[in-house]
Each structure stands twice: as structure tokens, then as C-alpha cells.
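Peer 1: Please find one structure pasted underneath; my questions will follow.
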Amino acid sequence: MASEHYFTSQPASGSALREITVHLGGRDVRLTTAGGVFSPDHIDVGTQVLLANSPAAPPSGDLLDLGCGWGPIALDLALASPEATVWAVDVNERALDLVRRNAATLGLSNVNAVTPEDVPEGINFRTIRSNPPIRVGKNILHDMLMHWLPRLEPDSDAWLVVQRNLGSDSLQRWLQEELPSTYGVVRAATGKGYRVLHVRKRTH
């Protein structure tokens with residue numbers, strides 16, 4: 001379907017399951033992807049930049065991969081922090097099925113792959129990692145970030161990767177303007193045409 005996007009909730013295109021080898025959690029692993037999800041043939045460049053330029057995950061607590069796709073960020077978090085609970089959130093049901101399949105392949109029991117509405121309201125996060133779906137449009141993207149970033153725990157961080165020519169600098173300015181004064185937003189890294197934005201929620 002020419003009009004279908006990877007952020008479609010129920011992709012109509014053929015799933016065409018495929019296996020790929022990727023480097024996660026410090027080792028090469030064989031995982032399953034499919035058509036109708038974001039970057040099914042490899043870990044996309046933006047996610048690679050994010051993984052290379054974000055710090056070690058908190059060892060425990062609730063961790064969020066927002067817009068998880070087939071799961072590279074969530075799986076990397078879960079491998080690094082087996083005592084943590086990793087929430088892999090996406091609107092694409094096929095992507096969530098792939099995350100569950102890949103978590104099982106890796107023997108991970110600490111990954112919850114769910115739609116946004118299935119994350120319990122009372123849960124706040126020790127970290128948020130995201131390669132957000134910029135192409136959903138500015139309004140939806142802004143609403144999404146304003147829903148999830150306030151759910152950071154105090155003294156916790158979010159790390160977002162955004163392509164420079166798709167508005168990373170304007171997004172950084174917007175976050176600085178719209179988030180409460182207890183939040184700091186800085187550009188943490190630049191690589192391969194991407195920016196990594198670091199959002200910190202301070203206690204005061």
C-alpha cells in the first residue's frame with residue numbers, strides 16, 4: 001500500500017518475516033523483522049547514533065523505548081539491565097509482535113511490548129530512549145513528547161535522536177520553551193546527520 005506507513009497500527013502489507021544479525025548488548029544476535037515496520041533490514045542509522053551516544057541504562061526501575069519498532073533500543077536496554085522493566089511502546093501491532101518474538105529469542109522476560117494506552121498511568125520512568133517518528137507530523141509528535149517526557153522520574157533523563165534536516169534544532173528549541181523550567185534540554189551529540197538531544201528532569 002503506497003499510503004501505508006510504519007506507524008500504521010495494523011499494517012496491511014505482507015509481513016515477509018526475515019532474520020537479520022545485529023549488534024546489541026555488546027554481542028551479535030540473530031533477530032526477526034518483517035515488512036510494514038520501520039527499518040526492517042538493519043538497525044537504522046539514527047538508532048545506531050542513539051545507542052552509541054547514550055549512557056549506560058539505569059540498572060533497575062521502569063525504562064521506556066518510545067516508538068520501539070521491532071525493538072533494537074528496548075532489547076539493548078533489557079540486555080544491559082536485566083533487573084529493570086523495559087516498556088517497548090509503539091502503535092504498530094506487528095512491531096510489538098516482533099519485539100515479543102525477539103525478547104523470547106534472547107531469553108528476556110523483562111520486556112513489556114505494548115501500545116501507548118496499555119502502559120499503566122502510575123508508572124514513571126528512570127530513562128526514556130527514543131528515535132521518535134518525526135514523519136507523523138509536528139502536532140502528533142509534540143503531543144506524544146508532552147505526554148511521555150513529564151513521566152520521567154525526578155533526576156532522570158531522556159535521550160532522543162532526530163535527523164538534523166528533519167528539524168532537530170527546532171525541536172530542541174520547542175522542548176526548551178514548552179517543558180517546565182525544571183527540565184534542561186541540550187544537544188548531547190551529533191553524528192551521521194543526526195542530533196542526540198538530552199532531556200533532564202531535575203528535582204527543582
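So you can find residues: chains in the C-alpha cells are A, B, ... in the order shown, residues in each start at 1, and ligands are numbered from 1 in order.
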Using only C-alpha atoms, determine which residues lie at most 9 Å from region 61-74 of chain A, disregarding the query and same-chain residues fewer than 2 positions distant; provide the list as number ranges by chain.
Peer 2: A: 6-7, 22, 24, 32-34, 37-40, 43, 47, 50-51, 57-59, 76-79, 83-92, 94-100, 102-103, 111, 113, 116, 123-133, 148
Peer 1: So that I have them on file, write out the residues from the current selection with C-alpha atoms, as a PDB file, in the first residue's frame.
Peer 2:
ATOM      1  CA  TYR A   6       5.390   2.081   9.592  1.00  0.00           C
ATOM      2  CA  PHE A   7       3.320   3.951  12.195  1.00  0.00           C
ATOM      3  CA  VAL A  22      22.611  -7.090  14.597  1.00  0.00           C
ATOM      4  CA  LEU A  24      23.081  -5.359  20.658  1.00  0.00           C
ATOM      5  CA  THR A  32      13.400 -11.385  13.344  1.00  0.00           C
ATOM      6  CA  THR A  33      11.948  -8.394  11.485  1.00  0.00           C
ATOM      7  CA  ALA A  34       9.206  -8.014   8.881  1.00  0.00           C
ATOM      8  CA  VAL A  37       7.724  -1.869  10.295  1.00  0.00           C
ATOM      9  CA  PHE A  38      10.427   0.776  10.463  1.00  0.00           C
ATOM     10  CA  SER A  39      13.850  -0.215   9.088  1.00  0.00           C
ATOM     11  CA  PRO A  40      13.250  -3.968   8.784  1.00  0.00           C
ATOM     12  CA  ILE A  43      19.319  -1.047  12.745  1.00  0.00           C
ATOM     13  CA  THR A  47      19.129   4.371  16.260  1.00  0.00           C
ATOM     14  CA  LEU A  50      21.472   6.979  19.731  1.00  0.00           C
ATOM     15  CA  LEU A  51      22.845   3.680  21.017  1.00  0.00           C
ATOM     16  CA  ALA A  57      20.951   2.280  31.208  1.00  0.00           C
ATOM     17  CA  PRO A  58      19.761   2.509  34.819  1.00  0.00           C
ATOM     18  CA  PRO A  59      20.133  -0.936  36.397  1.00  0.00           C
ATOM     19  CA  ASP A  76      19.533  -3.275  24.176  1.00  0.00           C
ATOM     20  CA  LEU A  77      18.125  -1.773  27.409  1.00  0.00           C
ATOM     21  CA  ALA A  78      16.803  -5.150  28.562  1.00  0.00           C
ATOM     22  CA  LEU A  79      20.096  -6.914  27.877  1.00  0.00           C
ATOM     23  CA  GLU A  83      16.673  -6.171  36.791  1.00  0.00           C
ATOM     24  CA  ALA A  84      14.797  -3.319  35.082  1.00  0.00           C
ATOM     25  CA  THR A  85      11.373  -3.435  33.430  1.00  0.00           C
ATOM     26  CA  VAL A  86      11.560  -2.219  29.832  1.00  0.00           C
ATOM     27  CA  TRP A  87       8.427  -0.812  28.230  1.00  0.00           C
ATOM     28  CA  ALA A  88       8.575  -1.077  24.426  1.00  0.00           C
ATOM     29  CA  VAL A  89       5.795   1.199  23.174  1.00  0.00           C
ATOM     30  CA  ASP A  90       4.502   1.500  19.612  1.00  0.00           C
ATOM     31  CA  VAL A  91       1.174   1.862  17.807  1.00  0.00           C
ATOM     32  CA  ASN A  92       2.200  -0.773  15.240  1.00  0.00           C
ATOM     33  CA  ARG A  94       3.198  -6.047  14.034  1.00  0.00           C
ATOM     34  CA  ALA A  95       6.201  -4.250  15.514  1.00  0.00           C
ATOM     35  CA  LEU A  96       5.087  -5.190  19.025  1.00  0.00           C
ATOM     36  CA  ASP A  97       4.727  -8.844  17.993  1.00  0.00           C
ATOM     37  CA  LEU A  98       8.299  -8.734  16.677  1.00  0.00           C
ATOM     38  CA  VAL A  99       9.583  -7.236  19.935  1.00  0.00           C
ATOM     39  CA  ARG A 100       7.930 -10.055  21.881  1.00  0.00           C
ATOM     40  CA  ASN A 102      12.850 -11.157  19.723  1.00  0.00           C
ATOM     41  CA  ALA A 103      12.722 -10.845  23.514  1.00  0.00           C
ATOM     42  CA  VAL A 111      10.279  -6.538  28.219  1.00  0.00           C
ATOM     43  CA  ALA A 113       5.771  -4.632  24.362  1.00  0.00           C
ATOM     44  CA  PRO A 116       0.634   3.513  24.470  1.00  0.00           C
ATOM     45  CA  ILE A 123       4.306   4.307  36.032  1.00  0.00           C
ATOM     46  CA  ASN A 124       7.146   6.823  35.708  1.00  0.00           C
ATOM     47  CA  PHE A 125      10.470   6.144  34.034  1.00  0.00           C
ATOM     48  CA  ARG A 126      14.124   6.128  35.060  1.00  0.00           C
ATOM     49  CA  THR A 127      15.036   6.779  31.440  1.00  0.00           C
ATOM     50  CA  ILE A 128      13.330   7.301  28.099  1.00  0.00           C
ATOM     51  CA  ARG A 129      15.140   6.422  24.871  1.00  0.00           C
ATOM     52  CA  SER A 130      13.518   7.238  21.549  1.00  0.00           C
ATOM     53  CA  ASN A 131      14.042   7.526  17.836  1.00  0.00           C
ATOM     54  CA  PRO A 132      10.684   9.296  17.512  1.00  0.00           C
ATOM     55  CA  PRO A 133       8.529   9.019  14.379  1.00  0.00           C
ATOM     56  CA  TRP A 148       5.712  10.947  27.931  1.00  0.00           C
TER      57      TRP A 148
END
Peer 1: From a backbone DSSP assignment, name each residue in chain A labelled strand (DSSP E or B), as a count of residues only.
Peer 2: 63
Peer 1: Residues at most 8 Å from Ala188 (chain A), counting only C-alpha atoms, excluding those fewer than 4 positions away in the same chain, as a PyMOL selection string?
Peer 2: chain A and resi 53+195-198
Peer 1: Save the residues we just selected, N, CA and C atoms, as an mmCIF file, in the first residue's frame?
Peer 2:
data_model
loop_
_atom_site.group_PDB
_atom_site.id
_atom_site.type_symbol
_atom_site.label_atom_id
_atom_site.label_comp_id
_atom_site.auth_asym_id
_atom_site.auth_seq_id
_atom_site.Cartn_x
_atom_site.Cartn_y
_atom_site.Cartn_z
ATOM 1 N N ASN A 53 25.644 6.965 21.618
ATOM 2 C CA ASN A 53 25.852 8.236 22.312
ATOM 3 C C ASN A 53 24.952 8.440 23.518
ATOM 4 N N ARG A 195 21.144 14.443 15.407
ATOM 5 C CA ARG A 195 21.431 15.032 16.713
ATOM 6 C C ARG A 195 20.855 14.114 17.796
ATOM 7 N N VAL A 196 21.582 13.980 18.892
ATOM 8 C CA VAL A 196 21.049 13.324 20.077
ATOM 9 C C VAL A 196 20.727 14.417 21.087
ATOM 10 N N LEU A 197 19.451 14.529 21.435
ATOM 11 C CA LEU A 197 19.001 15.517 22.409
ATOM 12 C C LEU A 197 18.878 14.860 23.778
ATOM 13 N N HIS A 198 19.416 15.531 24.779
ATOM 14 C CA HIS A 198 19.388 15.040 26.155
ATOM 15 C C HIS A 198 18.425 15.912 26.952
#
Peer 1: Apply DSSP to the structure's backbone, then extract all residues of region 65-197 of chain A labelled alpha helix (DSSP H) and return them as a count of residues only.
Peer 2: 44
Peer 1: Of the candidates A:Ser15, A:Thr203, A:Asn165, A:Gln48, which one gets nearest to Tyr183 (chain A) if we count only C-alpha atoms?
Peer 2: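 Of the candidates, the smallest distance to Tyr183 (chain A) is held by A:Thr203.
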Peer 1: Given the choices A:Asp143, A:Asp169, A:Asp155, A:Asp28, which gets closest to Gly184 (chain A) if the distance is worked out from only C-alpha atoms?
Peer 2: A:Asp155
Peer 1: For a quick check of understanding, using only C-alpha atoms, which of A:Thr115, A:Ser60, A:Asn139, A:Thr105 has the smallest distance to Leu171 (chain A)?
Peer 2: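 Smallest distance to Leu171 (chain A) is found for A:Asn139.
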Peer 1: In Å, how far is it from CA of Gln172 (chain A) to CA of Val185 (chain A)?
Peer 2: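 Interatomic distance here is 6.7 Å.
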Peer 1: Can you list, as a PyMOL selection string, every protein, DNA or RNA residue that comes within 12 Å of region 174-181 of chain A when you count only C-alpha atoms, leaving out same-chain residues fewer than 6 positions away?
Peer 2: chain A and resi 138-139+141-143+145-151+158+160+167-168+187+197-204
Peer 1: State, in Å with one decimal place, the distance from CA of Glu93 (chain A) to CA of Gly193 (chain A).
Peer 2: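 Value for the CA of Glu93 (chain A)-CA of Gly193 (chain A) distance: 29.5 Å.
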